[in-house]
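Coordinates as given in model12.txt (compact mmCIF, N, CA, C and O atoms):
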# COMPACT_ATOMS: atom_id res chain seq x y z
N MET A 1 -21.68 4.08 -11.86
CA MET A 1 -20.86 5.01 -11.10
C MET A 1 -19.40 4.59 -11.23
O MET A 1 -19.05 3.45 -11.00
N SER A 2 -18.53 5.53 -11.61
CA SER A 2 -17.12 5.20 -11.78
C SER A 2 -16.29 5.82 -10.68
O SER A 2 -16.64 6.85 -10.12
N ILE A 3 -15.18 5.19 -10.40
CA ILE A 3 -14.28 5.68 -9.37
C ILE A 3 -13.27 6.60 -10.03
O ILE A 3 -12.66 6.23 -11.04
N PRO A 4 -13.08 7.81 -9.51
CA PRO A 4 -12.11 8.72 -10.13
C PRO A 4 -10.69 8.18 -9.95
O PRO A 4 -10.41 7.47 -8.99
N PRO A 5 -9.80 8.50 -10.90
CA PRO A 5 -8.42 8.01 -10.77
C PRO A 5 -7.75 8.60 -9.54
O PRO A 5 -8.05 9.71 -9.11
N ALA A 6 -6.84 7.82 -9.00
CA ALA A 6 -6.12 8.27 -7.80
C ALA A 6 -5.23 9.45 -8.16
O ALA A 6 -4.60 9.49 -9.20
N THR A 7 -5.22 10.42 -7.28
CA THR A 7 -4.38 11.60 -7.47
C THR A 7 -3.15 11.43 -6.60
O THR A 7 -3.27 11.20 -5.41
N PRO A 8 -1.96 11.55 -7.21
CA PRO A 8 -0.77 11.41 -6.37
C PRO A 8 -0.67 12.53 -5.36
O PRO A 8 -1.07 13.66 -5.63
N ALA A 9 -0.16 12.20 -4.19
CA ALA A 9 0.02 13.20 -3.15
C ALA A 9 1.10 14.18 -3.57
O ALA A 9 2.07 13.79 -4.21
N PRO A 10 0.94 15.46 -3.26
CA PRO A 10 1.97 16.42 -3.63
C PRO A 10 3.28 16.09 -2.92
O PRO A 10 3.30 15.74 -1.75
N GLU A 11 4.36 16.21 -3.68
CA GLU A 11 5.67 15.93 -3.10
C GLU A 11 6.14 17.15 -2.33
O GLU A 11 6.12 18.26 -2.82
N SER A 12 6.52 16.91 -1.10
CA SER A 12 7.04 18.01 -0.30
C SER A 12 8.43 17.65 0.15
O SER A 12 8.71 16.52 0.51
N GLU A 13 9.33 18.62 0.08
CA GLU A 13 10.69 18.37 0.52
C GLU A 13 10.82 18.73 1.98
O GLU A 13 10.38 19.79 2.41
N PRO A 14 11.42 17.84 2.76
CA PRO A 14 11.65 18.17 4.16
C PRO A 14 12.63 19.33 4.26
O PRO A 14 13.33 19.66 3.30
N GLU A 15 12.67 19.93 5.41
CA GLU A 15 13.54 21.09 5.62
C GLU A 15 14.98 20.77 5.27
O GLU A 15 15.69 21.55 4.67
N HIS A 16 15.44 19.59 5.65
CA HIS A 16 16.80 19.14 5.33
C HIS A 16 16.68 17.87 4.51
O HIS A 16 16.68 16.77 5.04
N ALA A 17 16.56 18.03 3.19
CA ALA A 17 16.40 16.88 2.30
C ALA A 17 17.66 16.01 2.36
O ALA A 17 18.77 16.51 2.48
N ALA A 18 17.46 14.72 2.26
CA ALA A 18 18.58 13.79 2.30
C ALA A 18 19.45 13.97 1.06
O ALA A 18 18.96 14.20 -0.03
N VAL A 19 20.74 13.88 1.24
CA VAL A 19 21.66 13.99 0.13
C VAL A 19 21.66 12.66 -0.62
O VAL A 19 21.85 11.61 -0.01
N ILE A 20 21.45 12.72 -1.91
CA ILE A 20 21.42 11.51 -2.72
C ILE A 20 22.84 11.17 -3.11
O ILE A 20 23.60 12.01 -3.56
N GLY A 21 23.20 9.92 -2.93
CA GLY A 21 24.55 9.47 -3.24
C GLY A 21 24.80 9.39 -4.72
O GLY A 21 23.95 9.74 -5.54
N PRO A 22 25.97 8.92 -5.10
CA PRO A 22 26.30 8.84 -6.51
C PRO A 22 25.38 7.88 -7.25
O PRO A 22 24.90 6.90 -6.69
N GLU A 23 25.15 8.18 -8.51
CA GLU A 23 24.28 7.36 -9.35
C GLU A 23 25.15 6.56 -10.32
O GLU A 23 26.09 7.10 -10.91
N ILE A 24 24.86 5.27 -10.49
CA ILE A 24 25.58 4.46 -11.45
C ILE A 24 25.01 4.75 -12.83
O ILE A 24 23.80 4.67 -13.04
N THR A 25 25.89 5.13 -13.76
CA THR A 25 25.48 5.45 -15.12
C THR A 25 26.24 4.54 -16.08
O THR A 25 27.28 3.99 -15.74
N TYR A 26 25.70 4.39 -17.29
CA TYR A 26 26.28 3.50 -18.29
C TYR A 26 26.50 4.26 -19.59
O TYR A 26 25.74 5.16 -19.94
N ALA A 27 27.55 3.88 -20.32
CA ALA A 27 27.86 4.48 -21.61
C ALA A 27 28.74 3.52 -22.39
O ALA A 27 29.23 2.52 -21.85
N GLU A 28 28.94 3.83 -23.67
CA GLU A 28 29.89 3.07 -24.47
C GLU A 28 31.23 3.77 -24.41
O GLU A 28 31.30 5.00 -24.46
N CYS A 29 32.28 3.00 -24.30
CA CYS A 29 33.63 3.55 -24.31
C CYS A 29 33.84 4.27 -25.63
O CYS A 29 33.51 3.74 -26.70
N ARG A 30 34.37 5.48 -25.59
CA ARG A 30 34.59 6.26 -26.81
C ARG A 30 35.75 5.74 -27.64
O ARG A 30 35.91 6.13 -28.78
N GLN A 31 36.55 4.85 -27.05
CA GLN A 31 37.71 4.35 -27.78
C GLN A 31 37.45 2.98 -28.39
O GLN A 31 37.75 2.76 -29.55
N CYS A 32 36.86 2.05 -27.61
CA CYS A 32 36.69 0.68 -28.12
C CYS A 32 35.23 0.22 -28.21
O CYS A 32 34.96 -0.85 -28.73
N GLY A 33 34.29 1.00 -27.67
CA GLY A 33 32.87 0.66 -27.79
C GLY A 33 32.33 -0.28 -26.73
O GLY A 33 31.15 -0.63 -26.76
N THR A 34 33.13 -0.68 -25.77
CA THR A 34 32.68 -1.56 -24.70
C THR A 34 31.68 -0.84 -23.81
O THR A 34 31.84 0.35 -23.52
N LEU A 35 30.62 -1.53 -23.38
CA LEU A 35 29.66 -0.95 -22.45
C LEU A 35 30.34 -0.84 -21.08
O LEU A 35 30.84 -1.84 -20.56
N ILE A 36 30.38 0.36 -20.54
CA ILE A 36 31.04 0.58 -19.25
C ILE A 36 30.09 1.27 -18.29
O ILE A 36 29.16 1.95 -18.70
N ALA A 37 30.34 1.10 -17.01
CA ALA A 37 29.55 1.75 -15.96
C ALA A 37 30.45 2.73 -15.24
O ALA A 37 31.67 2.54 -15.15
N GLY A 38 29.84 3.79 -14.73
CA GLY A 38 30.61 4.78 -13.98
C GLY A 38 29.75 5.41 -12.92
O GLY A 38 28.58 5.06 -12.75
N LEU A 39 30.31 6.34 -12.20
CA LEU A 39 29.57 7.08 -11.18
C LEU A 39 29.34 8.50 -11.67
O LEU A 39 30.29 9.22 -11.96
N ASP A 40 28.07 8.88 -11.77
CA ASP A 40 27.69 10.24 -12.17
C ASP A 40 28.36 10.69 -13.45
O ASP A 40 28.80 11.83 -13.58
N GLY A 41 28.45 9.82 -14.45
CA GLY A 41 28.98 10.19 -15.75
C GLY A 41 30.49 10.23 -15.85
O GLY A 41 31.03 10.73 -16.82
N ARG A 42 31.18 9.69 -14.87
CA ARG A 42 32.64 9.61 -14.92
C ARG A 42 33.00 8.14 -15.20
O ARG A 42 32.62 7.26 -14.44
N TYR A 43 33.71 7.92 -16.30
CA TYR A 43 33.94 6.56 -16.76
C TYR A 43 35.41 6.22 -16.90
O TYR A 43 36.24 7.08 -17.15
N SER A 44 35.71 4.93 -16.80
CA SER A 44 37.03 4.38 -17.04
C SER A 44 36.82 2.99 -17.63
O SER A 44 36.11 2.17 -17.06
N CYS A 45 37.40 2.75 -18.80
CA CYS A 45 37.24 1.47 -19.48
C CYS A 45 38.31 0.50 -19.03
O CYS A 45 39.51 0.79 -19.17
N GLY A 46 37.91 -0.64 -18.53
CA GLY A 46 38.85 -1.66 -18.09
C GLY A 46 39.44 -2.48 -19.23
O GLY A 46 40.39 -3.21 -19.05
N VAL A 47 38.88 -2.34 -20.44
CA VAL A 47 39.36 -3.10 -21.59
C VAL A 47 40.53 -2.39 -22.27
O VAL A 47 41.59 -2.95 -22.49
N CYS A 48 40.33 -1.09 -22.59
CA CYS A 48 41.36 -0.37 -23.35
C CYS A 48 42.06 0.72 -22.54
O CYS A 48 43.06 1.27 -22.98
N GLY A 49 41.53 1.06 -21.35
CA GLY A 49 42.18 2.05 -20.50
C GLY A 49 41.71 3.48 -20.70
O GLY A 49 42.21 4.39 -20.05
N TRP A 50 40.73 3.70 -21.61
CA TRP A 50 40.23 5.05 -21.84
C TRP A 50 39.54 5.59 -20.58
O TRP A 50 38.88 4.86 -19.86
N VAL A 51 39.74 6.88 -20.29
CA VAL A 51 39.11 7.54 -19.15
C VAL A 51 38.59 8.90 -19.62
O VAL A 51 39.30 9.62 -20.32
N ASN A 52 37.34 9.25 -19.24
CA ASN A 52 36.87 10.58 -19.60
C ASN A 52 37.31 11.58 -18.53
O ASN A 52 37.65 11.21 -17.41
N HIS A 53 37.32 12.85 -18.89
CA HIS A 53 37.76 13.91 -17.97
C HIS A 53 36.73 14.07 -16.85
O HIS A 53 35.52 13.98 -17.08
N HIS A 54 37.21 14.34 -15.65
CA HIS A 54 36.32 14.44 -14.49
C HIS A 54 35.27 15.55 -14.65
O HIS A 54 34.19 15.48 -14.07
N SER A 55 35.56 16.56 -15.44
CA SER A 55 34.61 17.67 -15.60
C SER A 55 33.38 17.27 -16.42
O SER A 55 32.41 18.01 -16.47
N GLU A 56 33.41 16.11 -17.06
CA GLU A 56 32.27 15.64 -17.85
C GLU A 56 31.20 14.97 -16.98
O GLU A 56 30.19 14.52 -17.50
N GLY A 57 31.42 14.88 -15.69
CA GLY A 57 30.46 14.23 -14.79
C GLY A 57 29.16 15.01 -14.68
O GLY A 57 29.07 16.17 -15.10
N HIS A 58 28.16 14.37 -14.11
CA HIS A 58 26.83 14.97 -13.99
C HIS A 58 26.69 15.97 -12.86
O HIS A 58 25.73 16.74 -12.82
N ARG A 59 27.58 15.93 -11.89
CA ARG A 59 27.54 16.89 -10.78
C ARG A 59 28.95 17.17 -10.30
O ARG A 59 29.88 16.44 -10.62
N LEU A 60 29.10 18.23 -9.52
CA LEU A 60 30.42 18.61 -9.04
C LEU A 60 30.95 17.58 -8.06
O LEU A 60 30.18 16.97 -7.31
N LEU A 61 32.25 17.39 -8.08
CA LEU A 61 32.89 16.51 -7.11
C LEU A 61 32.97 17.23 -5.76
O LEU A 61 33.09 18.46 -5.72
N PRO A 62 32.89 16.51 -4.66
CA PRO A 62 33.01 17.15 -3.35
C PRO A 62 34.41 17.71 -3.13
O PRO A 62 35.39 17.18 -3.67
N ARG A 63 34.50 18.76 -2.36
CA ARG A 63 35.79 19.36 -2.03
C ARG A 63 36.32 18.73 -0.75
O ARG A 63 35.56 18.26 0.08
N ALA A 64 37.62 18.73 -0.57
CA ALA A 64 38.23 18.18 0.64
C ALA A 64 37.74 18.94 1.86
O ALA A 64 37.54 18.35 2.93
N GLU A 65 37.51 20.24 1.72
CA GLU A 65 37.05 21.05 2.85
C GLU A 65 35.66 20.64 3.33
O GLU A 65 35.26 20.94 4.45
N ASP A 66 34.89 19.98 2.47
CA ASP A 66 33.53 19.56 2.82
C ASP A 66 33.49 18.22 3.55
O ASP A 66 32.44 17.78 3.98
N ASP A 67 34.64 17.56 3.70
CA ASP A 67 34.70 16.26 4.36
C ASP A 67 34.56 16.45 5.87
O ASP A 67 35.46 16.95 6.53
N THR A 68 33.43 16.05 6.40
CA THR A 68 33.16 16.24 7.83
C THR A 68 33.83 15.18 8.70
O THR A 68 33.88 15.34 9.91
N THR A 69 34.37 14.12 8.09
CA THR A 69 35.01 13.06 8.87
C THR A 69 36.50 13.28 9.03
O THR A 69 37.15 12.54 9.75
N ARG A 70 37.03 14.30 8.39
CA ARG A 70 38.47 14.58 8.47
C ARG A 70 38.80 15.22 9.81
O ARG A 70 38.07 16.06 10.30
N ALA A 71 39.92 14.82 10.38
CA ALA A 71 40.35 15.37 11.67
C ALA A 71 40.73 16.84 11.50
O ALA A 71 41.32 17.22 10.49
N PRO A 72 40.39 17.68 12.48
CA PRO A 72 40.75 19.10 12.39
C PRO A 72 42.26 19.28 12.28
O PRO A 72 43.02 18.60 12.95
N GLY A 73 42.69 20.18 11.42
CA GLY A 73 44.10 20.48 11.26
C GLY A 73 44.83 19.55 10.31
O GLY A 73 45.96 19.81 9.94
N VAL A 74 44.21 18.45 9.89
CA VAL A 74 44.85 17.53 8.96
C VAL A 74 44.49 17.98 7.55
O VAL A 74 43.32 18.06 7.20
N THR A 75 45.51 18.29 6.75
CA THR A 75 45.24 18.78 5.40
C THR A 75 45.10 17.66 4.39
O THR A 75 44.28 17.73 3.51
N ASP A 76 45.92 16.63 4.47
CA ASP A 76 45.82 15.52 3.52
C ASP A 76 46.40 14.26 4.16
O ASP A 76 47.60 14.07 4.19
N ASN A 77 45.52 13.40 4.67
CA ASN A 77 46.01 12.20 5.35
C ASN A 77 46.16 11.02 4.38
O ASN A 77 46.46 9.93 4.79
N ASN A 78 45.99 11.25 3.07
CA ASN A 78 46.16 10.19 2.07
C ASN A 78 47.42 10.38 1.24
O ASN A 78 47.62 9.71 0.27
N ARG A 79 48.25 11.31 1.61
CA ARG A 79 49.44 11.63 0.82
C ARG A 79 50.56 10.63 1.15
O ARG A 79 50.81 10.34 2.30
N LEU A 80 51.21 10.15 0.12
CA LEU A 80 52.33 9.23 0.31
C LEU A 80 53.61 10.03 0.48
O LEU A 80 53.80 11.06 -0.15
N GLY A 81 54.54 9.51 1.25
CA GLY A 81 55.86 10.11 1.37
C GLY A 81 55.93 11.11 2.41
O GLY A 81 56.46 11.96 2.79

Could you show the structure in this file as structure tokens?
Amino acid sequence: MSIPPATPAPESEPEHAAVIGPEITYAECRQCGTLIAGLDGRYSCGVCGWVNHHSEGHRLLPRAEDDTTRAPGVTDNNRLG
């Protein structure tokens, strides 16, 4: 008598699925070939200074309007000058 293989439980998403944070990704620098790490496909090489365009990332960047920790009425609290 053999035991049947275990069947994985069906994955169900909760009503409000948790937001997954940024993923660390790796690539070779397009300018010098150094292995570099980035967040969601956005890279900057510390050896030669090469940077890929933000639109090449794996997902959209958050908008300032989506920041729930920003004080009401404050448009940009990180601006210098």

I need the residue nearest Gly49 in chain A from this list: A:Asp67, A:Leu61, A:Cys32, A:Pro22. Use all atoms listed in the file for the distance.
A:Cys32

Report, in Å with one decimal, the straight-line distance from CA of Arg59 in chain A to CA of Ile24 in chain A.
12.6 Å

Provide the atom O of Tyr26 in chain A to atom O of Leu60 in chain A distance in Å, to one decimal place.
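Computing it gives 17.9 Å between the two atoms.
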
One number please: CA of Gly33 in chain A to CA of Cys48 in chain A, in Å, one decimal.
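So the answer is 9.6 Å.
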
Taking 3 positions as the minimum chain separation for residues in the same chain, which residues sit within 5 Å of Gly57 in chain A when counting all atoms listed in the file? Answer as an MDAnalysis selection string.
chainID A and resid 40:42 53:54

Atoms kept (N, CA, C and O atoms) for selection, written as a PDB file, in the frame of the given file:
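Full text of result_5.pdb as output:
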ATOM      1  N   ASP A  40      28.070   8.880 -11.770  1.00  0.00           N
ATOM      2  CA  ASP A  40      27.690  10.240 -12.170  1.00  0.00           C
ATOM      3  C   ASP A  40      28.360  10.690 -13.450  1.00  0.00           C
ATOM      4  O   ASP A  40      28.800  11.830 -13.580  1.00  0.00           O
ATOM      5  N   GLY A  41      28.450   9.820 -14.450  1.00  0.00           N
ATOM      6  CA  GLY A  41      28.980  10.190 -15.750  1.00  0.00           C
ATOM      7  C   GLY A  41      30.490  10.230 -15.850  1.00  0.00           C
ATOM      8  O   GLY A  41      31.030  10.730 -16.820  1.00  0.00           O
ATOM      9  N   ARG A  42      31.180   9.690 -14.870  1.00  0.00           N
ATOM     10  CA  ARG A  42      32.640   9.610 -14.920  1.00  0.00           C
ATOM     11  C   ARG A  42      33.000   8.140 -15.200  1.00  0.00           C
ATOM     12  O   ARG A  42      32.620   7.260 -14.440  1.00  0.00           O
ATOM     13  N   HIS A  53      37.320  12.850 -18.890  1.00  0.00           N
ATOM     14  CA  HIS A  53      37.760  13.910 -17.970  1.00  0.00           C
ATOM     15  C   HIS A  53      36.730  14.070 -16.850  1.00  0.00           C
ATOM     16  O   HIS A  53      35.520  13.980 -17.080  1.00  0.00           O
ATOM     17  N   HIS A  54      37.210  14.340 -15.650  1.00  0.00           N
ATOM     18  CA  HIS A  54      36.320  14.440 -14.490  1.00  0.00           C
ATOM     19  C   HIS A  54      35.270  15.550 -14.650  1.00  0.00           C
ATOM     20  O   HIS A  54      34.190  15.480 -14.070  1.00  0.00           O
TER      21      HIS A  54
END

For a quick check of understanding, using only C-alpha atoms, which of A:Glu28, A:Ile20, A:Pro72, A:Leu39 has the smallest distance to His58 in chain A?
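Between A:Glu28, A:Ile20, A:Pro72, A:Leu39, the residue approaching His58 in chain A most closely is A:Leu39.
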
For Cys29 in chain A, work out the shell of residues within 8 Å, counting all atoms listed in the file and skipping chain neighbours fewer than 4 positions away, then give it as a ChimeraX atom specification.
/A:33-37,44-45,50

Residue set, range 24-76 of chain A restricted to strand (DSSP E), as an mmCIF file with N, CA, C and O atoms, keeping the file's coordinate frame:
data_model
loop_
_atom_site.group_PDB
_atom_site.id
_atom_site.type_symbol
_atom_site.label_atom_id
_atom_site.label_comp_id
_atom_site.auth_asym_id
_atom_site.auth_seq_id
_atom_site.Cartn_x
_atom_site.Cartn_y
_atom_site.Cartn_z
ATOM 1 N N ILE A 24 24.860 5.270 -10.490
ATOM 2 C CA ILE A 24 25.580 4.460 -11.450
ATOM 3 C C ILE A 24 25.010 4.750 -12.830
ATOM 4 O O ILE A 24 23.800 4.670 -13.040
ATOM 5 N N THR A 25 25.890 5.130 -13.760
ATOM 6 C CA THR A 25 25.480 5.450 -15.120
ATOM 7 C C THR A 25 26.240 4.540 -16.080
ATOM 8 O O THR A 25 27.280 3.990 -15.740
ATOM 9 N N TYR A 26 25.700 4.390 -17.290
ATOM 10 C CA TYR A 26 26.280 3.500 -18.290
ATOM 11 C C TYR A 26 26.500 4.260 -19.590
ATOM 12 O O TYR A 26 25.740 5.160 -19.940
ATOM 13 N N ALA A 27 27.550 3.880 -20.320
ATOM 14 C CA ALA A 27 27.860 4.480 -21.610
ATOM 15 C C ALA A 27 28.740 3.520 -22.390
ATOM 16 O O ALA A 27 29.230 2.520 -21.850
ATOM 17 N N GLU A 28 28.940 3.830 -23.670
ATOM 18 C CA GLU A 28 29.890 3.070 -24.470
ATOM 19 C C GLU A 28 31.230 3.770 -24.410
ATOM 20 O O GLU A 28 31.300 5.000 -24.460
ATOM 21 N N LEU A 35 30.620 -1.530 -23.380
ATOM 22 C CA LEU A 35 29.660 -0.950 -22.450
ATOM 23 C C LEU A 35 30.340 -0.840 -21.080
ATOM 24 O O LEU A 35 30.840 -1.840 -20.560
ATOM 25 N N ILE A 36 30.380 0.360 -20.540
ATOM 26 C CA ILE A 36 31.040 0.580 -19.250
ATOM 27 C C ILE A 36 30.090 1.270 -18.290
ATOM 28 O O ILE A 36 29.160 1.950 -18.700
ATOM 29 N N ALA A 37 30.340 1.100 -17.010
ATOM 30 C CA ALA A 37 29.550 1.750 -15.960
ATOM 31 C C ALA A 37 30.450 2.730 -15.240
ATOM 32 O O ALA A 37 31.670 2.540 -15.150
ATOM 33 N N GLY A 38 29.840 3.790 -14.730
ATOM 34 C CA GLY A 38 30.610 4.780 -13.980
ATOM 35 C C GLY A 38 29.750 5.410 -12.920
ATOM 36 O O GLY A 38 28.580 5.060 -12.750
ATOM 37 N N LEU A 39 30.310 6.340 -12.200
ATOM 38 C CA LEU A 39 29.570 7.080 -11.180
ATOM 39 C C LEU A 39 29.340 8.500 -11.670
ATOM 40 O O LEU A 39 30.290 9.220 -11.960
#
